[in-house]
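One file, input.pdb, is given below (PDB, C-alpha atoms, pLDDT in the B column).
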```
ATOM      1  CA  MET A   1      -7.760 125.746  13.291  1.00 77.00           C
ATOM      2  CA  PRO A   2      -6.830 122.277  11.950  1.00 85.00           C
ATOM      3  CA  THR A   3      -3.689 120.552  13.161  1.00 86.00           C
ATOM      4  CA  LYS A   4      -2.395 120.263   9.596  1.00 86.00           C
ATOM      5  CA  ALA A   5      -2.450 124.059   9.188  1.00 91.00           C
ATOM      6  CA  ARG A   6      -0.699 124.587  12.533  1.00 92.00           C
ATOM      7  CA  LYS A   7       1.992 122.100  11.561  1.00 92.00           C
ATOM      8  CA  THR A   8       2.524 123.904   8.242  1.00 93.00           C
ATOM      9  CA  TRP A   9       2.802 127.256  10.026  1.00 93.00           C
ATOM     10  CA  ALA A  10       5.294 125.814  12.515  1.00 93.00           C
ATOM     11  CA  GLN A  11       7.437 124.507   9.655  1.00 94.00           C
ATOM     12  CA  GLN A  12       7.299 127.880   7.901  1.00 94.00           C
ATOM     13  CA  LEU A  13       8.393 129.635  11.093  1.00 93.00           C
ATOM     14  CA  GLN A  14      11.391 127.301  11.353  1.00 94.00           C
ATOM     15  CA  GLN A  15      12.408 127.885   7.740  1.00 94.00           C
ATOM     16  CA  ASN A  16      11.816 131.633   7.550  1.00 94.00           C
ATOM     17  CA  HIS A  17      12.796 132.751  11.049  1.00 93.00           C
ATOM     18  CA  SER A  18      15.259 130.085  12.242  1.00 89.00           C
ATOM     19  CA  VAL A  19      13.315 129.186  15.381  1.00 92.00           C
ATOM     20  CA  THR A  20      13.389 125.802  17.097  1.00 94.00           C
ATOM     21  CA  ILE A  21      10.651 123.222  16.727  1.00 94.00           C
ATOM     22  CA  ALA A  22       9.622 123.740  20.355  1.00 95.00           C
ATOM     23  CA  MET A  23       9.358 127.498  19.899  1.00 94.00           C
ATOM     24  CA  SER A  24       7.464 127.304  16.597  1.00 93.00           C
ATOM     25  CA  CYS A  25       5.007 124.807  18.115  1.00 93.00           C
ATOM     26  CA  ALA A  26       4.448 127.077  21.126  1.00 94.00           C
ATOM     27  CA  ILE A  27       3.822 130.083  18.867  1.00 93.00           C
ATOM     28  CA  VAL A  28       1.173 128.324  16.749  1.00 94.00           C
ATOM     29  CA  GLY A  29      -0.363 126.432  19.692  1.00 94.00           C
ATOM     30  CA  LEU A  30       0.657 122.943  18.607  1.00 92.00           C
ATOM     31  CA  SER A  31       2.024 120.224  20.870  1.00 92.00           C
ATOM     32  CA  ARG A  32       5.316 118.670  19.840  1.00 92.00           C
ATOM     33  CA  CYS A  33       3.634 115.260  19.879  1.00 91.00           C
ATOM     34  CA  ALA A  34       1.194 116.476  17.229  1.00 91.00           C
ATOM     35  CA  TYR A  35       4.073 117.987  15.264  1.00 91.00           C
ATOM     36  CA  TYR A  36       5.921 114.660  15.053  1.00 92.00           C
ATOM     37  CA  TYR A  37       2.838 112.457  14.664  1.00 88.00           C
ATOM     38  CA  GLN A  38       2.762 110.312  11.509  1.00 82.00           C
ATOM     39  CA  PRO A  39      -0.623 108.667  10.900  1.00 75.00           C
ATOM     40  CA  LYS A  40      -0.670 104.948  10.191  1.00 70.00           C
ATOM     41  CA  LEU A  41      -2.428 104.144   6.939  1.00 60.00           C
ATOM     42  CA  GLN A  42      -4.806 101.221   7.136  1.00 68.00           C
ATOM     43  CA  ASP A  43      -4.936  98.583   4.435  1.00 72.00           C
ATOM     44  CA  ASP A  44      -8.557  97.616   3.871  1.00 75.00           C
ATOM     45  CA  SER A  45      -7.813  94.761   1.463  1.00 78.00           C
ATOM     46  CA  VAL A  46      -8.789  92.111   4.046  1.00 82.00           C
ATOM     47  CA  ILE A  47     -12.136  93.834   4.640  1.00 81.00           C
ATOM     48  CA  VAL A  48     -12.633  93.986   0.883  1.00 80.00           C
ATOM     49  CA  SER A  49     -11.947  90.293   0.364  1.00 83.00           C
ATOM     50  CA  VAL A  50     -14.206  89.220   3.243  1.00 86.00           C
ATOM     51  CA  LEU A  51     -17.050  91.485   2.077  1.00 83.00           C
ATOM     52  CA  ASN A  52     -16.638  90.265  -1.508  1.00 82.00           C
ATOM     53  CA  ALA A  53     -16.787  86.640  -0.385  1.00 87.00           C
ATOM     54  CA  ILE A  54     -19.974  87.282   1.594  1.00 88.00           C
ATOM     55  CA  THR A  55     -21.708  89.335  -1.098  1.00 83.00           C
ATOM     56  CA  ASP A  56     -20.746  86.870  -3.864  1.00 83.00           C
ATOM     57  CA  ARG A  57     -22.607  84.174  -1.977  1.00 88.00           C
ATOM     58  CA  HIS A  58     -25.489  86.313  -0.649  1.00 86.00           C
ATOM     59  CA  LEU A  59     -26.266  88.834  -3.380  1.00 80.00           C
ATOM     60  CA  ARG A  60     -29.305  90.383  -1.712  1.00 85.00           C
ATOM     61  CA  TRP A  61     -27.869  90.919   1.755  1.00 84.00           C
ATOM     62  CA  GLY A  62     -27.546  94.472   3.004  1.00 82.00           C
ATOM     63  CA  PHE A  63     -24.908  95.910   5.296  1.00 79.00           C
ATOM     64  CA  PRO A  64     -26.391  94.758   8.642  1.00 84.00           C
ATOM     65  CA  LYS A  65     -26.514  91.095   7.595  1.00 88.00           C
ATOM     66  CA  CYS A  66     -23.058  91.252   6.032  1.00 86.00           C
ATOM     67  CA  PHE A  67     -21.604  92.850   9.153  1.00 85.00           C
ATOM     68  CA  ASN A  68     -23.243  90.258  11.413  1.00 88.00           C
ATOM     69  CA  ARG A  69     -21.699  87.512   9.277  1.00 90.00           C
ATOM     70  CA  ILE A  70     -18.306  89.223   9.559  1.00 87.00           C
ATOM     71  CA  LYS A  71     -18.653  89.192  13.365  1.00 88.00           C
ATOM     72  CA  LYS A  72     -19.673  85.502  13.338  1.00 90.00           C
ATOM     73  CA  LEU A  73     -16.576  84.705  11.277  1.00 89.00           C
ATOM     74  CA  GLY A  74     -14.489  86.108  14.145  1.00 89.00           C
ATOM     75  CA  TYR A  75     -13.330  89.433  12.721  1.00 85.00           C
ATOM     76  CA  LYS A  76     -13.292  92.242  15.256  1.00 81.00           C
ATOM     77  CA  TRP A  77     -13.546  95.259  12.969  1.00 78.00           C
ATOM     78  CA  ASN A  78     -15.511  98.239  14.155  1.00 77.00           C
ATOM     79  CA  HIS A  79     -18.720  98.644  12.127  1.00 76.00           C
ATOM     80  CA  LYS A  80     -17.749 102.257  11.390  1.00 78.00           C
ATOM     81  CA  ARG A  81     -14.611 101.131   9.581  1.00 75.00           C
ATOM     82  CA  VAL A  82     -16.565  98.668   7.442  1.00 76.00           C
ATOM     83  CA  GLU A  83     -19.300 101.263   6.802  1.00 78.00           C
ATOM     84  CA  ARG A  84     -16.679 103.844   5.792  1.00 79.00           C
ATOM     85  CA  PHE A  85     -15.250 101.451   3.247  1.00 78.00           C
ATOM     86  CA  ASN A  86     -18.762 100.596   2.004  1.00 79.00           C
ATOM     87  CA  ARG A  87     -19.639 104.305   1.659  1.00 83.00           C
ATOM     88  CA  THR A  88     -16.443 105.073  -0.216  1.00 83.00           C
ATOM     89  CA  TYR A  89     -16.906 102.110  -2.561  1.00 81.00           C
ATOM     90  CA  ARG A  90     -20.491 103.094  -3.302  1.00 84.00           C
ATOM     91  CA  THR A  91     -19.708 106.746  -4.067  1.00 86.00           C
ATOM     92  CA  GLU A  92     -16.493 106.120  -6.024  1.00 86.00           C
ATOM     93  CA  VAL A  93     -17.503 103.015  -8.005  1.00 85.00           C
ATOM     94  CA  LEU A  94     -21.095 101.832  -7.813  1.00 83.00           C
ATOM     95  CA  ASP A  95     -22.727 105.244  -8.257  1.00 86.00           C
ATOM     96  CA  LEU A  96     -20.451 106.215 -11.165  1.00 86.00           C
ATOM     97  CA  TYR A  97     -20.682 103.211 -13.495  1.00 85.00           C
ATOM     98  CA  LEU A  98     -23.338 101.182 -15.260  1.00 88.00           C
ATOM     99  CA  PHE A  99     -21.807  97.731 -15.553  1.00 86.00           C
ATOM    100  CA  ASN A 100     -22.575  95.538 -18.573  1.00 90.00           C
ATOM    101  CA  ASN A 101     -21.627  92.336 -16.783  1.00 89.00           C
ATOM    102  CA  LEU A 102     -20.084  90.975 -13.610  1.00 85.00           C
ATOM    103  CA  ALA A 103     -16.625  90.669 -15.161  1.00 89.00           C
ATOM    104  CA  GLN A 104     -16.597  94.388 -15.975  1.00 90.00           C
ATOM    105  CA  ALA A 105     -17.706  95.244 -12.426  1.00 87.00           C
ATOM    106  CA  ARG A 106     -14.925  93.094 -10.978  1.00 86.00           C
ATOM    107  CA  ARG A 107     -12.283  94.608 -13.287  1.00 90.00           C
ATOM    108  CA  ILE A 108     -13.278  98.175 -12.378  1.00 89.00           C
ATOM    109  CA  THR A 109     -13.414  97.230  -8.697  1.00 86.00           C
ATOM    110  CA  GLU A 110      -9.909  95.715  -8.816  1.00 85.00           C
ATOM    111  CA  GLU A 111      -8.530  98.875 -10.446  1.00 87.00           C
ATOM    112  CA  TRP A 112     -10.269 101.023  -7.846  1.00 85.00           C
ATOM    113  CA  LEU A 113      -8.976  98.857  -4.975  1.00 82.00           C
ATOM    114  CA  THR A 114      -5.402  99.345  -6.125  1.00 81.00           C
ATOM    115  CA  ILE A 115      -5.872 103.103  -6.030  1.00 81.00           C
ATOM    116  CA  TYR A 116      -7.833 102.936  -2.757  1.00 79.00           C
ATOM    117  CA  ASN A 117      -5.136 100.988  -0.915  1.00 75.00           C
ATOM    118  CA  THR A 118      -2.002 102.541  -2.396  1.00 75.00           C
ATOM    119  CA  GLU A 119      -2.379 105.843  -4.215  1.00 71.00           C
ATOM    120  CA  ARG A 120      -5.311 107.887  -2.958  1.00 65.00           C
ATOM    121  CA  PRO A 121      -4.962 110.421  -0.142  1.00 59.00           C
ATOM    122  CA  HIS A 122      -6.292 108.612   2.905  1.00 56.00           C
ATOM    123  CA  GLU A 123      -8.926 110.273   5.069  1.00 53.00           C
ATOM    124  CA  VAL A 124      -6.717 109.838   8.131  1.00 50.00           C
ATOM    125  CA  LEU A 125      -4.134 112.191   6.595  1.00 52.00           C
ATOM    126  CA  GLN A 126      -6.627 115.055   6.460  1.00 52.00           C
ATOM    127  CA  ALA A 127      -6.752 115.179  10.259  1.00 46.00           C
ATOM    128  CA  ALA A 128      -2.977 115.516  10.636  1.00 44.00           C
TER     129      ALA A 128
END
```
Before anything else, please render the file you have as structure tokens.
Amino acid sequence: MPTKARKTWAQQLQQNHSVTIAMSCAIVGLSRCAYYYQPKLQDDSVIVSVLNAITDRHLRWGFPKCFNRIKKLGYKWNHKRVERFNRTYRTEVLDLYLFNNLAQARRITEEWLTIYNTERPHEVLQAA
């Protein structure tokens, strides 16, 4: 059972049956550390700007070359984090629109980035 569901059950036990946090966590099999844990949301705007700078200059480069350039520039991001952003961008922007020009693509991307970094439910929250 996911941690998020256990946390919800523990909160319901506290509200409906006036039990302590420790007792409700023990009943649903949740550690108190997990109960209090607040995930830290990551801002991917730096990754976005670095990837945009690389792909603006090297239009035909794929992910491996772009990631190698990122490493050579001194960034220490895990490739999975960069790939996750790339996957999300492809499925939520590139696969959904047919752009008429580069300006339109940039405008739609900027709008999407605002939502991506501020408004959307982050994947990390689904694990909590």
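Coordinates place CA of Tyr89 in chain A at a distance of 12.8 Å from CA of Phe63 in chain A.
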Enter the distance from CA of Lys40 in chain A to CA of Arg84 in chain A, in Å, rounded to one decimal. 16.6 Å
Please enumerate the residues selected by the PyMOL selection byres ((chain A and resi 81) around 12) when evaluated against the supplied file, formatted as JSON, numbers by chain. {"A": [42, 43, 44, 47, 48, 67, 76, 77, 78, 79, 80, 82, 83, 84, 85, 86, 87, 88, 123, 124]}
Just-selected residues, C-alpha atoms written as a tab-separated table (two decimals), in the coordinates of the input:
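This went into result01.tsv:
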```
chain	number	residue	atom	x	y	z
A	42	GLN	CA	-4.81	101.22	7.14
A	43	ASP	CA	-4.94	98.58	4.43
A	44	ASP	CA	-8.56	97.62	3.87
A	47	ILE	CA	-12.14	93.83	4.64
A	48	VAL	CA	-12.63	93.99	0.88
A	67	PHE	CA	-21.60	92.85	9.15
A	76	LYS	CA	-13.29	92.24	15.26
A	77	TRP	CA	-13.55	95.26	12.97
A	78	ASN	CA	-15.51	98.24	14.16
A	79	HIS	CA	-18.72	98.64	12.13
A	80	LYS	CA	-17.75	102.26	11.39
A	82	VAL	CA	-16.57	98.67	7.44
A	83	GLU	CA	-19.30	101.26	6.80
A	84	ARG	CA	-16.68	103.84	5.79
A	85	PHE	CA	-15.25	101.45	3.25
A	86	ASN	CA	-18.76	100.60	2.00
A	87	ARG	CA	-19.64	104.30	1.66
A	88	THR	CA	-16.44	105.07	-0.22
A	123	GLU	CA	-8.93	110.27	5.07
A	124	VAL	CA	-6.72	109.84	8.13
```
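Residue neighbourhood of Ile115 in chain A, excluding near-sequence residues (fewer than 3 positions): Asp43, Asp44, Ser45, Tyr89, Glu92, Val93, Ile108, Thr109, Glu110, Glu111, Trp112, Thr118, Glu119, Arg120, Pro121 and His122 of chain A, at 12 Å, using only C-alpha atoms.
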Between CA of Met23 in chain A and CA of Thr8 in chain A, what is the distance, to one decimal in Å?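 CA of Met23 in chain A sits 14.0 Å away from CA of Thr8 in chain A.
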Answer key for the PyMOL selection byres ((chain A and resi 24-29) around 12), residues as number ranges by chain: A: 1-23, 30-36
Just-selected residues, C-alpha atoms written as a tab-separated table (two decimals), keeping the file's coordinate frame:
```tsv
chain	number	residue	atom	x	y	z
A	1	MET	CA	-7.76	125.75	13.29
A	2	PRO	CA	-6.83	122.28	11.95
A	3	THR	CA	-3.69	120.55	13.16
A	4	LYS	CA	-2.40	120.26	9.60
A	5	ALA	CA	-2.45	124.06	9.19
A	6	ARG	CA	-0.70	124.59	12.53
A	7	LYS	CA	1.99	122.10	11.56
A	8	THR	CA	2.52	123.90	8.24
A	9	TRP	CA	2.80	127.26	10.03
A	10	ALA	CA	5.29	125.81	12.52
A	11	GLN	CA	7.44	124.51	9.65
A	12	GLN	CA	7.30	127.88	7.90
A	13	LEU	CA	8.39	129.64	11.09
A	14	GLN	CA	11.39	127.30	11.35
A	15	GLN	CA	12.41	127.88	7.74
A	16	ASN	CA	11.82	131.63	7.55
A	17	HIS	CA	12.80	132.75	11.05
A	18	SER	CA	15.26	130.08	12.24
A	19	VAL	CA	13.32	129.19	15.38
A	20	THR	CA	13.39	125.80	17.10
A	21	ILE	CA	10.65	123.22	16.73
A	22	ALA	CA	9.62	123.74	20.36
A	23	MET	CA	9.36	127.50	19.90
A	30	LEU	CA	0.66	122.94	18.61
A	31	SER	CA	2.02	120.22	20.87
A	32	ARG	CA	5.32	118.67	19.84
A	33	CYS	CA	3.63	115.26	19.88
A	34	ALA	CA	1.19	116.48	17.23
A	35	TYR	CA	4.07	117.99	15.26
A	36	TYR	CA	5.92	114.66	15.05
```
Determine the nearest neighbour of Cys66 in chain A from the options A:Leu94, A:Leu102, A:Leu113, A:Leu51, counting all atoms listed in the file.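 So, comparing all the options, the nearest one is A:Leu51.
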5 Å per side around range 46-49 of chain A: axis-aligned box centre and edge lengths, as AutoDock Vina command-line options:
```
--center_x -10.7 --center_y 92.1 --center_z 2.5 --size_x 13.8 --size_y 13.7 --size_z 14.3
```
Residue with smallest distance to Asn52 in chain A - pool A:Tyr75, A:Arg106, A:Lys65, A:Thr91, counting all atoms listed in the file: A:Arg106
From the set A:Phe99, A:Ser49, A:Arg90, A:Ile54, which residue has the shortest atom-to-atom contact distance to Lys72 in chain A, counting only C-alpha atoms?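 Looking only at the distances to Lys72 in chain A, the closest residue turns out to be A:Ile54.
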